[in-house]
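Asks: My questions all concern the structure below.
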Amino acid sequence: MSSLAIQHSFGAKNISTGYEEKLILKDLNMEIPAGKFSVIIGPNGCGKSTLLKSFARLLQPKQGNVLLDGKSIYELPTQLLARHIGLLPQSPTVPAGITVADLVARGRFPYQTMFGQLKKEDYEAIAMAMDAMGVSELADQPVDSLSGGQRQRVWIALVLAQDTDILLLDEPTTYLDIAYQVEILDCLAALNRMKQTTIVAILHDINLSIRYADHIFAMKKGNLVAEGNPKEIITPELMREIYGMESTILTDPQTGDPYVIPRSVVK
Amino acid sequence: MKKEKTTHTYNFIWGFGAELLLLLLGAVLSVSYGSKQIPLTEILSFVTGGDVDSFLGAVIAARIPRTVFGLLAGASLGISGALMQSITANPIADPSILGVNTGASLFVVIGIAYLGITSGIGLIGLAFIGAMLTAVFVYGIASVGYGGANSMKLALAGAAVSTALGALVNTIMLPDSHVMKEFRFWQVGSIGGGTWEDVRLLLPFFGVGIFLALCCGASLNVLSLGDEMAVALGVHVGLIRLVSAFAGVLLCASVTALAGPIGFVGLMMPHLVRQLFTGDMRIVLPMSALGGAALLTLSDVAGRVLGRPGELEVGIITAILGAPIFVWIVWKSKVKSI
């Protein structure tokens, strides 16, 4: 848990995928920068979630491949892969009555034997993950009694306990108030800084994306439209291209980052 | 972290201890109670190989296989229910409510009436096929339409299929006085005819089923977080579903083949364990087995007490106990989901 994350080369190579007949991603290439905090932005239905699912081997591409250090993730043993790549889906299920500590402990599954006994290092990893997310005090509370923000911190503690080098998050801040959003993103940024965990998150708030991302991927209709440092790629033209929206871009007086003010939808 | 862990272990030890005591009580009562009462001291000296009146000894020897069979059957049904509830993510899943036991019964009755099958192993095979087909069928019906297989739809589909198949069972049995006579008690679920032969037949299925179930425990825990989370944590989702469904159907089908459809044990025990202790399947599975064994033997004894001078079949007792609990569970989950 305390050791640094391994830096992998990880990305999608010419993938086309979708559900049934409909193609959602079309021949998409994406190389995830190792050790960085990347954010994927784009309008609803542009294929962000589909891409993240492909990265997490939930959806096998019809063509192309997702490669981890040059190997197809579909050819790696799933339990081994679970020690390298973690995922927080959009709406995981909370089992009725489960306590915070028990839920976080399930993040240790990839390290367990068949009968699932926890070892000393598992307990350490669980304790550290709960500490990092500030939920240690809640250890014995049932998760279904927590507020949305607390609950999301517990889920992130679970994927922290999983202790992967790469962490994928599908809209981790949705349904949270602004303070909780900042708090969750601060925790992820700290994880990225301290352990050099590679983070890939889908976010809807463009300004929070700019503030936290080292690298932004902008998607539209199943394709990657632009990528790079937010300072360089966030322009009124890009906003018009991906969202069909006119905007004014200011500069954050403290950080110098771009700040997007939405104006009108053109379409 | 440490403190939390020890409290849990303590709770579980308490729970397992209580279950073992109940199980032991059930076993002793089951051997001692009947048309001829046997004092505890006689049972003790029989078990330890001491001096026993030869008549009493014969009575004890005759009641032991029934007791052992009841323990195995109860454990099988308890685990089977826990597995079905876990893989369907549904608190009311149970071999009887899903109609799986009735499906097994139908195939057994067909085998007896039309195919002339009487061997225990043949009946278990038939019961397994019937149970598997019914499980797939009921789950399929419940999955149709909006919202997938939720509690209400599963219960309705199970009840409808179970009633229809039960009617078929009656249609086959009623005109045939021979079959009727032989399987009247079997039809309501009875362990009264349990012999060493039945125990021998049940044992391999029991062993395989329980072994597979326990192997799946940790994976089922992760599966309860949703399929996406489970895949990301390294669970072979399809394989685990298949193996646990196989184990669950195997356990209830082999019991049904030999004892008839005994309902509600698989519903009640896992529920009780989750309410009192934990939803951790590594604990729920063995606790449901021990609890199911205790519940079935105690119900069997209760049937003998209430049905004096004859006896009430154990399937009747478990239904009387289980029905109100079923209503309570549905009521509770309805309140939650609305």
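To be explicit about the labels: the chains of the structure tokens are called A, B, and onward in the order shown, and within each one the residues are counted from 1, while ligands get numbers from 1 in the order they are shown.
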Using only C-alpha atoms, find which residues of chain A lie within 9 Å of chain B and jot them down as a ChimeraX atom specification.

Replies: /A:53,56-58,77-83,85-89,91-98,101-103,106-110,112-117,123-124,126-127,136,139-140,159,162

Asks: Can you pull out every residue from region 201-273 of chain B that DSSP, working from the backbone, puts in helix (DSSP H, G or I), and format the result as a PyMOL selection string?

Replies: chain B and resi 201-223+227-232+237-259+265-273

Asks: Give me, as a tab-separated table, the closest atom pair and its distance (Å, one decimal) for every residue of region 21-112 of chain A within a cut-off of 8 Å of region 219-240 of chain A, counting only C-alpha atoms, rows sorted by chain and rising number.

Replies:
residue	atom	partner	partner_atom	distance
A:Ile24	CA	A:Gly222	CA	5.4
A:Leu25	CA	A:Gly222	CA	4.2
A:Lys26	CA	A:Gly222	CA	5.7
A:Asp27	CA	A:Asn223	CA	7.8
A:Leu28	CA	A:Asn223	CA	6.0
A:Asn29	CA	A:Leu224	CA	7.6
A:Met30	CA	A:Leu224	CA	7.8
A:Ile40	CA	A:Met219	CA	7.3
A:Ile41	CA	A:Met219	CA	6.2
A:Gly42	CA	A:Met219	CA	4.8
A:Pro43	CA	A:Lys220	CA	6.8
A:Gly45	CA	A:Lys221	CA	7.3
A:Cys46	CA	A:Lys221	CA	4.4
A:Gly47	CA	A:Gly222	CA	5.1
A:Lys48	CA	A:Met219	CA	7.2

Asks: Find the residues around Ala293 (chain B) up to 12 Å (only C-alpha atoms counted), leave out those fewer than 2 positions away in its own chain, and share them as a ChimeraX atom specification.

Replies: /B:19-27,67-79,265-266,269,286-291,295-300

Asks: Please compute the CA of Glu313 (chain B)-CA of Ser190 (chain B) distance, one decimal, in Å.

Replies: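 Those two atoms sit 5.0 Å apart.
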